[in-house]
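Structure data (mmCIF, N, CA and C atoms) from coords-v8.cif:
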```cif
data_query
loop_
_atom_site.label_atom_id
_atom_site.label_comp_id
_atom_site.auth_asym_id
_atom_site.auth_seq_id
_atom_site.Cartn_x
_atom_site.Cartn_y
_atom_site.Cartn_z
N MET A 1 21.31 -11.44 -5.17
CA MET A 1 21.11 -10.17 -5.85
C MET A 1 20.63 -9.13 -4.85
N GLN A 2 21.18 -7.95 -4.93
CA GLN A 2 20.76 -6.86 -4.06
C GLN A 2 19.38 -6.37 -4.47
N LYS A 3 18.57 -6.02 -3.46
CA LYS A 3 17.21 -5.61 -3.75
C LYS A 3 16.82 -4.45 -2.83
N VAL A 4 16.15 -3.46 -3.39
CA VAL A 4 15.63 -2.34 -2.63
C VAL A 4 14.11 -2.47 -2.61
N VAL A 5 13.52 -2.50 -1.39
CA VAL A 5 12.07 -2.69 -1.25
C VAL A 5 11.45 -1.52 -0.49
N ARG A 6 10.17 -1.38 -0.62
CA ARG A 6 9.41 -0.34 0.07
C ARG A 6 9.58 -0.50 1.58
N TRP A 7 9.87 0.61 2.26
CA TRP A 7 9.92 0.65 3.72
C TRP A 7 8.70 1.47 4.15
N GLU A 8 7.82 0.85 4.89
CA GLU A 8 6.56 1.49 5.28
C GLU A 8 6.80 2.52 6.38
N THR A 9 6.59 3.79 6.05
CA THR A 9 6.74 4.91 6.98
C THR A 9 5.57 5.86 6.75
N PRO A 10 5.40 6.87 7.62
CA PRO A 10 4.34 7.86 7.38
C PRO A 10 4.60 8.73 6.14
N PHE A 11 5.82 8.69 5.59
CA PHE A 11 6.17 9.56 4.46
C PHE A 11 6.63 8.79 3.23
N THR A 12 6.47 7.50 3.20
CA THR A 12 6.98 6.67 2.11
C THR A 12 6.53 7.15 0.73
N ASP A 13 5.28 7.55 0.61
CA ASP A 13 4.74 7.94 -0.69
C ASP A 13 4.99 9.41 -1.04
N SER A 14 5.70 10.13 -0.20
CA SER A 14 6.03 11.54 -0.47
C SER A 14 7.08 11.61 -1.58
N ARG A 15 7.04 12.69 -2.33
CA ARG A 15 8.06 12.90 -3.36
C ARG A 15 9.02 13.96 -2.86
N TRP A 16 10.28 13.59 -2.72
CA TRP A 16 11.37 14.49 -2.37
C TRP A 16 11.15 15.27 -1.07
N PRO A 17 10.89 14.60 0.05
CA PRO A 17 10.74 15.33 1.31
C PRO A 17 12.07 15.95 1.74
N SER A 18 11.98 16.98 2.54
CA SER A 18 13.19 17.53 3.16
C SER A 18 13.62 16.53 4.22
N ALA A 19 14.92 16.24 4.31
CA ALA A 19 15.40 15.24 5.27
C ALA A 19 16.79 15.60 5.77
N VAL A 20 17.00 15.43 7.06
CA VAL A 20 18.31 15.73 7.66
C VAL A 20 18.50 14.83 8.89
N ILE A 21 19.74 14.57 9.24
CA ILE A 21 20.09 13.76 10.41
C ILE A 21 20.29 14.65 11.64
N VAL A 22 19.87 14.15 12.79
CA VAL A 22 20.11 14.80 14.08
C VAL A 22 20.84 13.80 14.96
N VAL A 23 22.00 14.20 15.49
CA VAL A 23 22.74 13.35 16.41
C VAL A 23 22.41 13.82 17.83
N GLN A 24 21.95 12.89 18.65
CA GLN A 24 21.52 13.25 19.99
C GLN A 24 22.59 12.92 21.02
N PRO A 25 22.55 13.60 22.17
CA PRO A 25 23.57 13.34 23.19
C PRO A 25 23.37 11.99 23.87
N SER A 26 24.45 11.46 24.40
CA SER A 26 24.40 10.21 25.14
C SER A 26 25.52 10.23 26.17
N THR A 27 25.23 9.77 27.37
CA THR A 27 26.27 9.73 28.40
C THR A 27 26.82 8.32 28.61
N ASP A 28 26.17 7.31 28.00
CA ASP A 28 26.59 5.93 28.29
C ASP A 28 26.81 5.08 27.05
N GLY A 29 27.23 5.67 25.97
CA GLY A 29 27.50 4.86 24.78
C GLY A 29 27.44 5.69 23.52
N PRO A 30 27.31 5.01 22.38
CA PRO A 30 27.26 5.73 21.11
C PRO A 30 26.09 6.71 21.06
N TYR A 31 26.26 7.77 20.30
CA TYR A 31 25.21 8.78 20.18
C TYR A 31 24.06 8.23 19.34
N PRO A 32 22.82 8.37 19.83
CA PRO A 32 21.66 7.94 19.03
C PRO A 32 21.44 8.89 17.84
N ILE A 33 20.95 8.33 16.76
CA ILE A 33 20.71 9.07 15.52
C ILE A 33 19.21 9.13 15.25
N SER A 34 18.74 10.30 14.83
CA SER A 34 17.37 10.46 14.36
C SER A 34 17.41 11.21 13.03
N ALA A 35 16.34 11.10 12.28
CA ALA A 35 16.20 11.88 11.05
C ALA A 35 14.95 12.74 11.18
N VAL A 36 15.04 13.96 10.70
CA VAL A 36 13.86 14.82 10.59
C VAL A 36 13.44 14.78 9.13
N VAL A 37 12.19 14.37 8.89
CA VAL A 37 11.68 14.27 7.53
C VAL A 37 10.44 15.17 7.42
N ALA A 38 10.48 16.08 6.46
CA ALA A 38 9.39 17.04 6.25
C ALA A 38 8.82 16.85 4.85
N PRO A 39 7.77 16.02 4.70
CA PRO A 39 7.21 15.74 3.38
C PRO A 39 6.67 16.97 2.66
N LYS A 40 6.23 17.99 3.41
CA LYS A 40 5.67 19.20 2.80
C LYS A 40 6.69 20.32 2.72
N GLY A 41 7.97 19.99 2.85
CA GLY A 41 9.03 20.99 2.78
C GLY A 41 9.44 21.46 4.17
N ILE A 42 10.54 22.21 4.22
CA ILE A 42 11.13 22.64 5.48
C ILE A 42 10.15 23.37 6.37
N ASP A 43 9.28 24.20 5.81
CA ASP A 43 8.35 24.99 6.60
C ASP A 43 6.99 24.33 6.78
N GLY A 44 6.78 23.16 6.18
CA GLY A 44 5.48 22.50 6.24
C GLY A 44 5.37 21.48 7.37
N TYR A 45 4.14 21.24 7.80
CA TYR A 45 3.85 20.23 8.83
C TYR A 45 2.75 19.33 8.31
N PRO A 46 2.67 18.10 8.80
CA PRO A 46 3.50 17.53 9.87
C PRO A 46 4.89 17.18 9.36
N LYS A 47 5.80 17.10 10.34
CA LYS A 47 7.15 16.58 10.12
C LYS A 47 7.25 15.30 10.93
N TYR A 48 8.24 14.51 10.63
CA TYR A 48 8.42 13.25 11.35
C TYR A 48 9.84 13.14 11.87
N LEU A 49 9.96 12.72 13.11
CA LEU A 49 11.26 12.35 13.68
C LEU A 49 11.34 10.84 13.58
N VAL A 50 12.35 10.35 12.93
CA VAL A 50 12.56 8.91 12.82
C VAL A 50 13.71 8.57 13.76
N HIS A 51 13.40 7.91 14.86
CA HIS A 51 14.40 7.57 15.87
C HIS A 51 15.00 6.21 15.53
N PHE A 52 16.27 6.21 15.12
CA PHE A 52 16.97 4.98 14.79
C PHE A 52 17.70 4.40 16.00
N GLY A 53 17.92 5.21 17.03
CA GLY A 53 18.70 4.76 18.18
C GLY A 53 20.17 4.67 17.80
N GLU A 54 20.88 3.77 18.46
CA GLU A 54 22.30 3.58 18.14
C GLU A 54 22.41 2.90 16.78
N VAL A 55 23.35 3.37 15.98
CA VAL A 55 23.52 2.81 14.65
C VAL A 55 24.95 2.34 14.46
N VAL A 56 25.15 1.48 13.49
CA VAL A 56 26.48 1.01 13.14
C VAL A 56 27.13 1.98 12.15
N ALA A 57 26.31 2.49 11.22
CA ALA A 57 26.81 3.43 10.21
C ALA A 57 25.66 4.28 9.70
N PHE A 58 25.99 5.49 9.24
CA PHE A 58 24.98 6.32 8.60
C PHE A 58 25.65 7.32 7.67
N THR A 59 24.87 7.79 6.69
CA THR A 59 25.30 8.89 5.83
C THR A 59 24.14 9.86 5.72
N CYS A 60 24.47 11.10 5.47
CA CYS A 60 23.49 12.13 5.15
C CYS A 60 24.18 13.02 4.13
N MET A 61 23.84 12.81 2.86
CA MET A 61 24.55 13.50 1.79
C MET A 61 23.59 14.29 0.93
N GLU A 62 24.03 15.47 0.56
CA GLU A 62 23.27 16.35 -0.31
C GLU A 62 22.90 15.60 -1.59
N GLU A 63 21.62 15.63 -1.94
CA GLU A 63 21.14 14.76 -3.01
C GLU A 63 21.67 15.10 -4.39
N MET A 64 21.97 16.35 -4.66
CA MET A 64 22.41 16.72 -6.00
C MET A 64 23.78 16.13 -6.34
N HIS A 65 24.65 16.03 -5.36
CA HIS A 65 26.00 15.53 -5.59
C HIS A 65 26.23 14.21 -4.84
N PHE A 66 25.17 13.45 -4.69
CA PHE A 66 25.23 12.17 -4.00
C PHE A 66 26.17 11.23 -4.76
N PRO A 67 27.21 10.72 -4.11
CA PRO A 67 28.15 9.84 -4.81
C PRO A 67 27.46 8.57 -5.31
N GLU A 68 28.01 8.01 -6.34
CA GLU A 68 27.45 6.78 -6.89
C GLU A 68 27.50 5.69 -5.83
N ARG A 69 26.38 5.02 -5.64
CA ARG A 69 26.28 3.96 -4.63
C ARG A 69 25.79 2.68 -5.30
N ASP A 70 25.87 1.57 -4.57
CA ASP A 70 25.44 0.30 -5.13
C ASP A 70 23.92 0.20 -5.23
N THR A 71 23.18 1.19 -4.73
CA THR A 71 21.73 1.18 -4.91
C THR A 71 21.38 1.25 -6.39
N LEU A 72 22.24 1.85 -7.20
CA LEU A 72 21.96 1.96 -8.63
C LEU A 72 21.96 0.60 -9.31
N ASP A 73 22.69 -0.37 -8.75
CA ASP A 73 22.75 -1.71 -9.33
C ASP A 73 21.71 -2.66 -8.74
N ALA A 74 21.00 -2.22 -7.71
CA ALA A 74 20.04 -3.07 -7.04
C ALA A 74 18.72 -3.12 -7.79
N ILE A 75 18.02 -4.23 -7.64
CA ILE A 75 16.68 -4.36 -8.20
C ILE A 75 15.73 -3.59 -7.29
N CYS A 76 14.93 -2.71 -7.86
CA CYS A 76 14.00 -1.88 -7.10
C CYS A 76 12.58 -2.26 -7.48
N GLU A 77 11.79 -2.73 -6.50
CA GLU A 77 10.43 -3.19 -6.83
C GLU A 77 9.49 -2.03 -7.16
N ILE A 78 9.68 -0.85 -6.53
CA ILE A 78 8.85 0.33 -6.81
C ILE A 78 9.76 1.55 -6.78
N GLU A 79 9.74 2.35 -7.82
CA GLU A 79 10.56 3.56 -7.86
C GLU A 79 9.73 4.78 -7.47
N GLY A 80 10.43 5.86 -7.10
CA GLY A 80 9.75 7.11 -6.80
C GLY A 80 9.26 7.26 -5.38
N LEU A 81 9.72 6.41 -4.47
CA LEU A 81 9.31 6.51 -3.07
C LEU A 81 10.35 7.30 -2.28
N ALA A 82 9.98 7.67 -1.06
CA ALA A 82 10.90 8.40 -0.18
C ALA A 82 11.58 7.49 0.83
N ALA A 83 11.12 6.24 0.98
CA ALA A 83 11.68 5.36 2.01
C ALA A 83 11.80 3.93 1.48
N TYR A 84 13.00 3.39 1.65
CA TYR A 84 13.28 2.03 1.20
C TYR A 84 14.08 1.27 2.25
N GLU A 85 14.03 -0.05 2.14
CA GLU A 85 14.97 -0.90 2.87
C GLU A 85 15.82 -1.59 1.81
N PHE A 86 17.13 -1.58 2.04
CA PHE A 86 18.08 -2.15 1.10
C PHE A 86 18.47 -3.52 1.62
N LEU A 87 17.96 -4.57 0.99
CA LEU A 87 18.22 -5.95 1.42
C LEU A 87 19.55 -6.42 0.87
N GLU A 88 20.35 -7.04 1.69
CA GLU A 88 21.62 -7.64 1.29
C GLU A 88 22.55 -6.64 0.59
N SER A 89 22.59 -5.42 1.08
CA SER A 89 23.48 -4.42 0.49
C SER A 89 24.93 -4.78 0.79
N THR A 90 25.84 -4.15 0.07
CA THR A 90 27.25 -4.40 0.35
C THR A 90 27.62 -3.93 1.75
N TRP A 91 26.97 -2.87 2.24
CA TRP A 91 27.20 -2.44 3.62
C TRP A 91 26.80 -3.54 4.60
N LEU A 92 25.61 -4.10 4.41
CA LEU A 92 25.15 -5.18 5.31
C LEU A 92 26.10 -6.36 5.25
N LYS A 93 26.52 -6.74 4.07
CA LYS A 93 27.44 -7.86 3.92
C LYS A 93 28.76 -7.59 4.62
N SER A 94 29.23 -6.33 4.58
CA SER A 94 30.50 -6.01 5.21
C SER A 94 30.43 -6.10 6.73
N TYR A 95 29.25 -5.91 7.31
CA TYR A 95 29.09 -5.98 8.77
C TYR A 95 28.60 -7.36 9.24
N GLU A 96 28.19 -8.22 8.31
CA GLU A 96 27.60 -9.51 8.65
C GLU A 96 28.45 -10.35 9.61
N LYS A 97 29.73 -10.43 9.36
CA LYS A 97 30.60 -11.26 10.19
C LYS A 97 30.75 -10.69 11.60
N GLY A 98 30.52 -9.40 11.76
CA GLY A 98 30.66 -8.78 13.07
C GLY A 98 29.39 -8.72 13.88
N GLU A 99 28.24 -9.13 13.28
CA GLU A 99 26.97 -9.05 14.01
C GLU A 99 27.02 -9.82 15.33
N TYR A 100 27.61 -11.01 15.31
CA TYR A 100 27.67 -11.81 16.53
C TYR A 100 28.44 -11.05 17.62
N PHE A 101 29.55 -10.46 17.28
CA PHE A 101 30.38 -9.76 18.26
C PHE A 101 29.76 -8.43 18.70
N LEU A 102 29.02 -7.79 17.79
CA LEU A 102 28.38 -6.52 18.13
C LEU A 102 27.17 -6.71 19.04
N PHE A 103 26.41 -7.78 18.83
CA PHE A 103 25.10 -7.89 19.47
C PHE A 103 24.90 -9.08 20.40
N ASN A 104 25.70 -10.11 20.29
CA ASN A 104 25.47 -11.32 21.07
C ASN A 104 26.19 -11.20 22.41
N THR A 105 25.69 -10.34 23.26
CA THR A 105 26.34 -10.10 24.55
C THR A 105 25.82 -11.01 25.65
N ASP A 106 24.66 -11.63 25.44
CA ASP A 106 24.09 -12.48 26.49
C ASP A 106 24.06 -13.96 26.14
N GLY A 107 24.75 -14.33 25.04
CA GLY A 107 24.81 -15.74 24.64
C GLY A 107 23.65 -16.19 23.77
N SER A 108 22.68 -15.32 23.51
CA SER A 108 21.55 -15.71 22.67
C SER A 108 21.91 -15.53 21.20
N ASP A 109 20.95 -15.82 20.33
CA ASP A 109 21.19 -15.66 18.90
C ASP A 109 21.55 -14.22 18.57
N SER A 110 22.37 -14.06 17.57
CA SER A 110 22.80 -12.74 17.14
C SER A 110 21.63 -11.97 16.52
N GLU A 111 21.58 -10.67 16.79
CA GLU A 111 20.60 -9.82 16.14
C GLU A 111 21.06 -9.50 14.73
N ARG A 112 20.14 -9.05 13.90
CA ARG A 112 20.45 -8.77 12.50
C ARG A 112 20.40 -7.27 12.22
N LEU A 113 21.25 -6.83 11.34
CA LEU A 113 21.27 -5.44 10.91
C LEU A 113 20.31 -5.23 9.74
N ARG A 114 19.84 -3.98 9.62
CA ARG A 114 18.99 -3.59 8.50
C ARG A 114 19.52 -2.28 7.92
N HIS A 115 19.32 -2.09 6.64
CA HIS A 115 19.83 -0.92 5.92
C HIS A 115 18.62 -0.12 5.41
N TYR A 116 18.43 1.07 5.97
CA TYR A 116 17.31 1.94 5.61
C TYR A 116 17.79 3.10 4.74
N LEU A 117 16.94 3.50 3.79
CA LEU A 117 17.23 4.63 2.90
C LEU A 117 16.08 5.63 2.96
N ILE A 118 16.42 6.91 3.08
CA ILE A 118 15.44 7.97 2.94
C ILE A 118 15.92 8.82 1.76
N VAL A 119 15.09 8.91 0.73
CA VAL A 119 15.44 9.64 -0.48
C VAL A 119 14.78 11.01 -0.38
N GLY A 120 15.58 12.03 -0.11
CA GLY A 120 15.04 13.36 0.11
C GLY A 120 15.27 14.30 -1.04
N GLY A 121 14.64 15.46 -0.95
CA GLY A 121 14.79 16.49 -1.96
C GLY A 121 15.98 17.38 -1.69
N ASP A 122 16.55 17.26 -0.49
CA ASP A 122 17.75 18.03 -0.17
C ASP A 122 18.89 17.15 0.33
N ASN A 123 18.57 16.03 0.94
CA ASN A 123 19.58 15.07 1.40
C ASN A 123 19.08 13.65 1.20
N ASN A 124 20.00 12.75 0.95
CA ASN A 124 19.71 11.31 0.97
C ASN A 124 20.36 10.75 2.23
N ILE A 125 19.61 9.92 2.94
CA ILE A 125 20.06 9.37 4.22
C ILE A 125 20.09 7.85 4.13
N GLU A 126 21.17 7.25 4.64
CA GLU A 126 21.27 5.80 4.76
C GLU A 126 21.65 5.48 6.20
N VAL A 127 21.00 4.47 6.77
CA VAL A 127 21.27 4.08 8.16
C VAL A 127 21.35 2.57 8.25
N ILE A 128 22.39 2.09 8.93
CA ILE A 128 22.52 0.66 9.25
C ILE A 128 22.33 0.52 10.75
N THR A 129 21.33 -0.25 11.15
CA THR A 129 21.03 -0.42 12.56
C THR A 129 20.35 -1.76 12.81
N LYS A 130 20.42 -2.23 14.04
CA LYS A 130 19.68 -3.43 14.44
C LYS A 130 18.29 -3.06 14.94
N ASN A 131 18.08 -1.76 15.20
CA ASN A 131 16.84 -1.29 15.81
C ASN A 131 15.72 -1.14 14.78
N ILE A 132 14.49 -1.29 15.26
CA ILE A 132 13.34 -0.96 14.44
C ILE A 132 13.05 0.51 14.69
N PRO A 133 13.11 1.35 13.66
CA PRO A 133 12.92 2.79 13.87
C PRO A 133 11.54 3.11 14.47
N ILE A 134 11.53 4.15 15.28
CA ILE A 134 10.30 4.63 15.92
C ILE A 134 9.99 5.99 15.30
N PHE A 135 8.72 6.20 14.94
CA PHE A 135 8.30 7.44 14.28
C PHE A 135 7.54 8.33 15.26
N GLU A 136 7.92 9.59 15.28
CA GLU A 136 7.25 10.59 16.10
C GLU A 136 6.74 11.68 15.17
N THR A 137 5.45 12.02 15.28
CA THR A 137 4.86 13.05 14.44
C THR A 137 4.99 14.40 15.15
N ILE A 138 5.48 15.40 14.42
CA ILE A 138 5.59 16.76 14.92
C ILE A 138 4.57 17.60 14.14
N GLU A 139 3.54 18.08 14.84
CA GLU A 139 2.45 18.80 14.20
C GLU A 139 2.68 20.30 14.07
N ASP A 140 3.58 20.84 14.91
CA ASP A 140 3.80 22.29 14.92
C ASP A 140 5.23 22.57 15.34
N SER A 141 5.64 23.80 15.17
CA SER A 141 7.00 24.22 15.50
C SER A 141 7.36 23.82 16.94
N LYS A 142 8.58 23.35 17.11
CA LYS A 142 9.02 22.83 18.41
C LYS A 142 10.52 23.07 18.52
N ILE A 143 10.96 23.47 19.68
CA ILE A 143 12.40 23.65 19.91
C ILE A 143 12.94 22.39 20.57
N MET A 144 13.98 21.84 19.98
CA MET A 144 14.66 20.68 20.56
C MET A 144 16.00 21.16 21.09
N GLU A 145 16.25 20.92 22.35
CA GLU A 145 17.53 21.33 22.95
C GLU A 145 18.31 20.09 23.33
N PHE A 146 19.61 20.13 23.04
CA PHE A 146 20.50 19.03 23.37
C PHE A 146 21.66 19.55 24.18
N GLU A 147 22.09 18.78 25.14
CA GLU A 147 23.28 19.09 25.91
C GLU A 147 24.25 17.94 25.73
N PHE A 148 25.49 18.27 25.40
CA PHE A 148 26.51 17.25 25.24
C PHE A 148 27.53 17.36 26.37
N VAL A 149 27.94 16.23 26.89
CA VAL A 149 29.04 16.19 27.84
C VAL A 149 30.20 15.53 27.10
N ILE A 150 31.31 16.24 27.01
CA ILE A 150 32.47 15.72 26.29
C ILE A 150 33.61 15.48 27.25
#
```

Take the structure I supplied and represent it as C-alpha cells, if you would.
Amino acid sequence: MQKVVRWETPFTDSRWPSAVIVVQPSTDGPYPISAVVAPKGIDGYPKYLVHFGEVVAFTCMEEMHFPERDTLDAICEIEGLAAYEFLESTWLKSYEKGEYFLFNTDGSDSERLRHYLIVGGDNNIEVITKNIPIFETIEDSKIMEFEFVI
C-alpha cells in the first residue's frame, strides 16, 4: 500500500508556503535541482533552499490546477503539512528496476531512490532522487547568479 509520511524539514509544519524549483548550472552532468521554500510568503524570511542535487525526476506544478496524482489514493499519517515523503509511490516503483543501472557504478549495492513532496500555496513540488536533501537557511534578500554553458 502506498503511504505518505512526514518529511522532517525546517518548514514541515508551515501551511501553504511559497515554493518554486531552481535548476542550477552544471558542466559535468545532469543539472542539480533546488527548491526555494518561503513559509512566510514570497516577501517573508527566513526562506529555505532545499538542495536535492541530481534528480531522476521532478515536477513543479501550480497548486490550483495540480493534476490528479496517486497521492490522493495513498494513506497519509498526518494531513496539513508542507513536506512529505511518498513511500512506494508508483514513480518509485517505475524506477525500481533501473536503480542498479543508475547507481551501481562501482560494483557495490545499489542505492535507493526516495520521493519527496513539498505542498505549497502556489506550487506543489515532487522530486525523485537518491540524495538526502541539504537545507540552507536564507535570512535576508540575496541575489543568486547562474551561468550556463550550452

*Which one of A:Ile125, A:Val119, A:Ile138, A:Val23 sits closest to Tyr45 of chain A if you count only N, CA and C atoms?*
A:Ile138

*If you count all atoms listed in the file, which residues fall within 8 Å of Ile132 of chain A, apart from same-chain ones fewer than 6 positions away, as an NGL selection string?*
:A and (51-53)

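Residues matching the PyMOL selection byres ((chain A and resi 34) around 5) in this structure come to A:Ile21, A:Val22, A:Pro32, A:Ile33, A:Ala35, A:Val36, A:Val50, A:His51, A:Phe52.
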
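Among the candidate residues A:Ile143, A:Cys60, A:Leu92, A:Leu113, the one lying nearest to Asn131 of chain A is A:Leu113, with distances computed using only C-alpha atoms.
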
*Could you please write out, as an MDAnalysis selection string, every residue of chain A that DSSP assigns to strand (DSSP E)?*
chainID A and resid 3:6 18:23 33:38 47:53 57:62 75:76 83:87 114:119 123:129 134:138

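Distances here use only C-alpha atoms; by that measure, the residue among A:Asp43, A:Glu96, A:Glu145, A:Asp13 closest to Thr129 of chain A is A:Glu96.
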
*d(atom CA of Pro10 of chain A, atom CA of Ala82 of chain A) in Å*: 10.0 Å

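Atom N of Ala57 of chain A sits 23.2 Å away from atom N of Leu81 of chain A.
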
*asked:* Let's see if you can do this: from backbone DSSP, list all helix (DSSP H, G or I) residues in chain A, as a PyMOL selection string.
replied: chain A and resi 63-65+70-73+90-96+99-103

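Going from atom CA of Glu8 of chain A over to atom CA of Trp91 of chain A, you cover 21.1 Å.
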
*Evaluate the PyMOL selection byres (((chain A and resi 83 and name CA) around 9) and name CA) and record the selected residues as number ranges by chain, following the chain and residue labels used in the document.*
A: 5-9, 11-14, 81-82, 84-85, 116-120

*Written as a ChimeraX atom specification, what is the full residue list that the PyMOL selection byres ((chain A and resi 140) around 8) yields on the file shown?*
/A:44-47,137-139,141-143

*Choose the residue, out of A:Ile128, A:Met144, A:Ile134, A:Val37, that has the smallest atom-to-atom separation from Thr59 of chain A; count only N, CA and C atoms.*
A:Ile128

List every protein, DNA or RNA residue with an atom no more than 8 Å from (19.3, -11.5, 1.7) in the file's coordinates, counting only N, CA and C atoms, and format the result as an mmCIF file with N, CA and C atoms, in the coordinates of the input.
```cif
data_model
loop_
_atom_site.group_PDB
_atom_site.id
_atom_site.type_symbol
_atom_site.label_atom_id
_atom_site.label_comp_id
_atom_site.auth_asym_id
_atom_site.auth_seq_id
_atom_site.Cartn_x
_atom_site.Cartn_y
_atom_site.Cartn_z
ATOM 1 N N MET A 1 21.310 -11.440 -5.170
ATOM 2 C CA MET A 1 21.110 -10.170 -5.850
ATOM 3 C C MET A 1 20.630 -9.130 -4.850
ATOM 4 N N GLN A 2 21.180 -7.950 -4.930
ATOM 5 C CA GLN A 2 20.760 -6.860 -4.060
ATOM 6 C C GLN A 2 19.380 -6.370 -4.470
ATOM 7 N N LYS A 3 18.570 -6.020 -3.460
ATOM 8 C CA LYS A 3 17.210 -5.610 -3.750
ATOM 9 C C LYS A 3 16.820 -4.450 -2.830
ATOM 10 N N LEU A 87 17.960 -4.570 0.990
ATOM 11 C CA LEU A 87 18.220 -5.950 1.420
ATOM 12 C C LEU A 87 19.550 -6.420 0.870
ATOM 13 N N GLU A 88 20.350 -7.040 1.690
ATOM 14 C CA GLU A 88 21.620 -7.640 1.290
ATOM 15 C C GLU A 88 22.550 -6.640 0.590
ATOM 16 N N SER A 89 22.590 -5.420 1.080
ATOM 17 C CA SER A 89 23.480 -4.420 0.490
ATOM 18 C C SER A 89 24.930 -4.780 0.790
#
```

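Shortest separation to Glu63 of chain A among A:Asn124, A:Pro17, A:Glu136, A:Tyr95 occurs at residue A:Asn124, atoms counted being only N, CA and C atoms.
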
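Between Ser94 of chain A and the residues A:His115, A:Ala38, A:Pro30, A:Glu62, the shortest atom-to-atom distance, using only C-alpha atoms, involves A:His115.
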